Amino acid sequence: MADFDSASQAFLAWLQRSGAEISPKVKLADLRHAQAGRGVVATQDIAEHEVLFRIPRSAILSVENSILSTEIPASTFEMLGPWLSLILVMLYEYLNGDASNWSPYFSVLPAEFNTLMFWSEDELAELQASAVVGKIGKEGANESFTKGLLPVIKEFAEVFFAGDVRAKQRAEEMRDERNLELMHKMGSLIMAYAFDVEPATPRKDVDEEGFAEEEEDEALPKGMVPLADMLNADADRNNARLFYENHVLDMKALKPIRHSEEIFNDYGPLPRSDLLRRYGYITDNYTQYDVVEIPMELVEDVANRAGIESAERIEYLDEQEIVDSGYDLTASSPFTLQESLSPELIILIETLLQSQDEFDRLKSKGKLPKPEKMTGDAAHLLHEIVKARIAQYPTTLEDDSRSLEAAPLSGDADSKARRYAMAKAVRIGEKQLLGQAEAALAELKTRFGRTSKRQRAVDEEGDVEMGGVEKKQRA
Ligand SMILES: C[S@@+](CC[C@H](N)C(=O)[O-])C[C@H]1O[C@@H](n2cnc3c(N)ncnc32)[C@H](O)[C@@H]1O
């Protein structure tokens, strides 16, 4: 407790020495009792738009601010890209220990993570058939470290380990397991803590008519913004945001905040699976953004088993940019197929089911079936696909609910039991969504049972139409 508090105090003192201004209406709080590490809490009522704290740009841990960027050519950082460049700089500053300007900052950053990158095989197995397991990217990251970072560290060993007679040897040792682990930790810190830092003066491009346009798509440099990254998040409980000014970054209240309320940032509308992957925690408030992926491979398998020849159709759909590695089934409340099914998945299924004549006509015009209405055959095939997806999970929703009830999400923040419970909650969410889709499709099939098979889904009230299916905004 004493270490934790003294690290917080030393960090705040360093930040103030670095020119930060912190409102007396907020404090850095110990939220370990709620498994939330540190967080920022209001100590008085705060009005909308009030500045909670102001961080000078010079205090950001970034490539631009680290002396490493004056010693290593800019072209090297350009070659590495924003992600690996920041990992390199963070490694350099971290390994510099007390000599680094950011040493008190590193003391409040975690050294252990609950993000999926650090889960063991048995813990990951608890996620069962969740598509998130395939998105962790540990091998890819290892490859970028060994092929991207290590050669740079070796080339600039004398800079990276300046003043150390063993510089060359230390650069070689960066290949060791524990140093690769350190690179993963820096990467995980960036994933859960870093901000995309808007430049002081946005780069403007002038178009033909002389109007300046902001380059919105350009990747912004990443930076670790002290204190701003001590804000936790809980979906729509977001009440503060970082504003990028010329010399400072201002964290401002987005709404009135009452005494003792926590100040929350916005990590985006992430499904719990992705929240676990990127941030290593989940809360019930994120259930509204849950997603289950229907893999393309499964669609093809089920279609092939139903005797549908898919190769030519898929080739055409690929040209039309409809083919993806998977399609999201998103949460909706109340659940409707209209809101939850991906329009691209409906287009895919409808195209697979067309007669050769229909398909040839469509292809000659460069068109696609409309996703707003679903045919009975499509409802049937989709139902089979959803049932096959459910079968990919080795336990049922009922099994999982019972076992989560027996060992609920609580207790020690770093325990295996907690990871098991979080994984169970994620797979339960996915199974619930699949169950809702399965029931809705079964119902739709029954309605179609009363009409001819290829008839469009329009009943008297028109309520089987897939009208206005818009893909939900995802992070
Ligand atoms: C940007 S940091 C926030 C500061 C962090 N609590 C700390 O002590 O360093 C993000 C991390 O905070 C934790 N976190 C954020 N929001 C949380 C919440 N609502 N409940 C539990 N943990 C949370 C997660 O570990 C996440 O990876």
# chains A, B, ... in the order shown; residues from 1 in each chain; ligands from 1
$ residues_near_ligand --ligand "ligand 1" --cutoff "6 Å" --atoms "only C-alpha atoms and all ligand atoms" --output "ChimeraX atom specification"
/A:35-39,109,192-193,229-234,279-281
$ residues_around --residues "Ala378 in chain A" --least-positions-apart "5" --cutoff "12 Å" --atoms "only C-alpha atoms" --output "JSON, numbers by chain"
{"A": [299, 303, 345, 346, 347, 348, 349, 350, 351, 352, 353, 354, 369, 371, 373, 383, 384, 385, 386, 441, 442, 444, 445, 448, 453, 454, 455, 456, 457]}
$ residues_around --residues "Leu95 in chain A" --least-positions-apart "6" --cutoff "10 Å" --atoms "only C-alpha atoms" --output "list in words"
Val89, Ser103, Phe160 and Phe161 of chain A
$ closest_residue --among "A:Ala379, A:Leu68, A:Leu298, A:Val292" --to "Glu430 in chain A" --atoms "only C-alpha atoms"
A:Val292
$ closest_residue --among "A:Leu88, A:Leu329, A:Ile55, A:Glu443" --to "Ser69 in chain A" --atoms "only C-alpha atoms"
A:Leu88
$ residues_around --residues "Met186 in chain A" --least-positions-apart "3" --cutoff "6 Å" --atoms "only C-alpha atoms" --output "VMD selection string"
chain A and resid 87 183 189
